[in-house]
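K.L.:
Quick one: structure below, then a few questions.
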Amino acid sequence: MDVILVPGFWLDGSSWSDVTPPLVDAGHTVHTPTLRGLETTDADRRRIGLADHVQQIIELVDALDGPIVLVGHSGGGAVVHSGADRRPTRIRRVVYVDSGPQPDGVPVNSSLAGDETGVPLPPWSEFDETDLRDLTDDQLQRFRERAVPTPWGAANDGPQLVDDRRFDVPVTIVGTTFTRAEIEQAIAAGVPYFAEVPRIRDVTVVELPTGHWPQFTRPVELGRILVDEVAR
C-alpha cells in the first residue's frame, strides 16, 4: 500500500522520520512530501495557498498506481480531506492525526499571526498545555530550530469541497489532545470543525493521549496505529 504522510504547519516531510519504520517493516511504501513553501526558511511562500498544497498531493496520488492511504497531521488534515474529495475512488482510507475533516470554506487556522511572507511558529507560551504535553525541553528546542513559516494562504484559506463521494472514504481520527467523547460533544454542539464527521459513513476513533505532536512524543506508537489503520 502507498501511504502518504502530510505534515502539519511549520514542518517538512522529515518530521515523520521516527513514525515510518513500522509502516516500512509492514511492507508499505511511504511517501513524506514537504509541502510547497516549507522547503526552507528562505522559500518564497507569498503566493502559496491551501489549493497549492492540495494540488501537490493530488499530483502525487495521480503518479501512483493502486489504492492509497492519506495521513494528515494538524493542518495537514485539511489537505488530505481535500485529497479524498478530489480523488474519492483512489483513496482507501484517510487518517487524521490530531486533526479532522476540515469543512468546506472554513479557514484552517486564521487565528495565527503572520503576513504574506508566512506564518511563523508562535512562542510556546501561546500554546495550551495539552498541545505541549510530553515534549521535552530538548524536543521543544529542536522543533523551533527546524520550524519553517507556513504560507499565509495555507493557514487562512478554506478547502473547496465539491464531491460528496468523499463521505464514502473510510476515516480514522487519531486523537492525541482530544478524546472520542470530546469529539461527540463537539458534534452535538455544532462545532464547525467536526461538522463533516457525522456525514462520513465509516469513522474510527483511536485515542493516543499525548500532546499535539505525537510524531515527536510517541512516534513508535503512532506508527503502529497507522499500520493497524492501513490494514483495516
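Chain identifiers are assigned as A, B, and so on, following the order in which chains appear in the C-alpha cells; residues are numbered from 1 within each chain, and ligands are numbered from 1 in order of appearance.
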Tell me which protein, DNA and RNA residues are within 10 Å of A:Gln55, counting only C-alpha atoms, leaving out same-chain ones fewer than 4 positions away, and put them as a list in words.
P.N.:
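Here the answer would be Leu50, Ala51, Glu59, Leu60, Val61, Val79, Ser82, Gly83 and Arg86 of chain A.
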K.L.:
Assign secondary structure with DSSP using the backbone only, and return the residues of stretch 23-205 of chain A in alpha helix (DSSP H) as a count of residues only.
P.N.:
55
K.L.:
With only C-alpha atoms as the counted atoms, please give the residues lying no more than 12 Å from stretch 113-115 of chain A, apart from itself and same-chain residues fewer than 3 positions off, as a ChimeraX atom specification.
P.N.:
/A:45-47,109-110,118-123,126,149-156
K.L.:
Please list as JSON, numbers by chain every residue within 7 Å of stretch 12-21 of chain A, counting only C-alpha atoms and excluding residues in the same chain fewer than 6 positions away.
P.N.:
{"A": [32, 33, 34, 35, 38, 39, 215, 219, 220, 222, 223]}
K.L.:
Keeping only N, CA, C and O atoms, take the residues you just selected and write them out as a tab-separated table (two decimals), in the first residue's frame.
P.N.:
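Produced file result-v4.tsv, reproduced below:
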```tsv
chain	number	residue	atom	x	y	z
A	32	THR	N	6.67	10.94	2.12
A	32	THR	CA	6.63	12.02	3.11
A	32	THR	C	6.95	13.35	2.42
A	32	THR	O	8.04	13.91	2.61
A	33	PRO	N	6.03	13.86	1.63
A	33	PRO	CA	6.31	15.09	0.90
A	33	PRO	C	6.45	16.30	1.82
A	33	PRO	O	5.80	16.39	2.86
A	34	THR	N	7.31	17.20	1.41
A	34	THR	CA	7.38	18.52	2.04
A	34	THR	C	6.49	19.45	1.23
A	34	THR	O	6.66	19.57	0.01
A	35	LEU	N	5.52	20.07	1.87
A	35	LEU	CA	4.58	20.92	1.15
A	35	LEU	C	5.26	22.18	0.62
A	35	LEU	O	6.23	22.67	1.22
A	38	LEU	N	7.48	25.23	2.27
A	38	LEU	CA	8.09	24.82	3.53
A	38	LEU	C	9.43	24.12	3.33
A	38	LEU	O	9.94	23.46	4.24
A	39	GLU	N	9.99	24.28	2.14
A	39	GLU	CA	11.26	23.63	1.86
A	39	GLU	C	12.39	24.19	2.73
A	39	GLU	O	13.22	23.43	3.25
A	215	GLN	N	4.22	12.62	16.57
A	215	GLN	CA	5.34	12.15	15.76
A	215	GLN	C	6.67	12.39	16.46
A	215	GLN	O	7.67	11.77	16.13
A	219	PRO	N	6.25	8.48	18.69
A	219	PRO	CA	6.32	8.11	17.27
A	219	PRO	C	6.12	6.62	16.99
A	219	PRO	O	5.47	6.26	16.00
A	220	VAL	N	6.67	5.77	17.84
A	220	VAL	CA	6.54	4.33	17.59
A	220	VAL	C	5.09	3.90	17.74
A	220	VAL	O	4.55	3.15	16.89
A	222	LEU	N	2.47	5.78	17.36
A	222	LEU	CA	1.73	6.33	16.23
A	222	LEU	C	1.96	5.48	14.99
A	222	LEU	O	1.02	5.19	14.25
A	223	GLY	N	3.20	5.09	14.76
A	223	GLY	CA	3.49	4.24	13.61
A	223	GLY	C	2.72	2.93	13.65
A	223	GLY	O	2.20	2.47	12.63
```
K.L.:
Hey, which of A:Ile48, A:Arg36, A:Glu184, A:Met1 ends up closest to A:Asp65? Count only C-alpha atoms.
P.N.:
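Going through A:Ile48, A:Arg36, A:Glu184, A:Met1 one by one, the smallest distance to A:Asp65 is for A:Met1.
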K.L.:
For each of A:Gly211, A:Gly76, A:Gly105, A:Pro198, take the minimum atom-to-atom distance to A:Ile4, counting only C-alpha atoms, then give the residue where this is smallest.
P.N.:
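Closest candidate: A:Gly76.
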K.L.:
Which residue gives the smallest distance to A:Asp104 among A:Ala195, A:Ala43, A:Val24, A:Ala181, with only C-alpha atoms counted?
P.N.:
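Selected residue with least distance to A:Asp104: A:Ala195.
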K.L.:
Have a look at atom CA of A:Asp137 and atom CA of A:Val95 and let me know their distance in Å, one decimal.
P.N.:
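Those two atoms sit 28.6 Å apart.
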K.L.:
One number please: atom CA of A:Thr172 to atom CA of A:Asp134, in Å, one decimal.
P.N.:
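Going from atom CA of A:Thr172 over to atom CA of A:Asp134, I get 22.9 Å.
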K.L.:
Using only C-alpha atoms, pick whichever of A:Gly66, A:Gly27, A:Gly75, A:Pro107 has the shortest atom-to-atom distance to A:Trp10.
P.N.:
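Closest to A:Trp10 of all the choices is A:Gly75.
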K.L.:
Going by DSSP on the backbone, which residues of stretch 44-94 of chain A come out as strand (DSSP E or B)? List them as a short mmCIF file (atom, residue, chain, number, x, y, z; two decimals) with C-alpha atoms, in the first residue's frame.
P.N.:
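The file below, out33.cif, is the result:
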```cif
data_model
loop_
_atom_site.label_atom_id
_atom_site.label_comp_id
_atom_site.auth_asym_id
_atom_site.auth_seq_id
_atom_site.Cartn_x
_atom_site.Cartn_y
_atom_site.Cartn_z
CA GLY A 49 -2.32 28.72 -0.62
CA ILE A 68 -3.63 4.88 -1.29
CA VAL A 69 -3.95 5.86 2.36
CA LEU A 70 -3.65 9.55 3.16
CA VAL A 71 -2.45 10.65 6.60
CA GLY A 72 -2.61 14.28 7.68
CA HIS A 73 -1.33 15.81 10.89
CA ILE A 91 -8.19 6.75 -1.54
CA ARG A 92 -8.63 3.63 0.60
CA ARG A 93 -8.66 5.48 3.93
CA VAL A 94 -7.87 8.90 5.39
#
```
K.L.:
Could you state the separation of atom CA of A:Gln102 and atom CA of A:Ala84 in Å, given to one decimal place?
P.N.:
11.5 Å
K.L.:
Between A:Arg90, A:Arg224, A:Arg165, A:Arg199, which one has atoms that come closest to A:Asp25, using only C-alpha atoms?
P.N.:
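The shortest atom-to-atom distance to A:Asp25 comes from A:Arg224.
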K.L.:
Go through A:Asp228, A:Asp163, A:Asp202, A:Glu207 one by one, measure the shortest atom-to-atom distance of each to A:Glu182 using only C-alpha atoms, and give the residue with the smallest value.
P.N.:
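Using only C-alpha atoms, A:Glu182 sits closest to A:Glu207.
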K.L.:
Write out as a count of residues only the residues lying within 9 Å of A:Thr204, counting only C-alpha atoms and excluding same-chain residues fewer than 3 positions away.
P.N.:
6
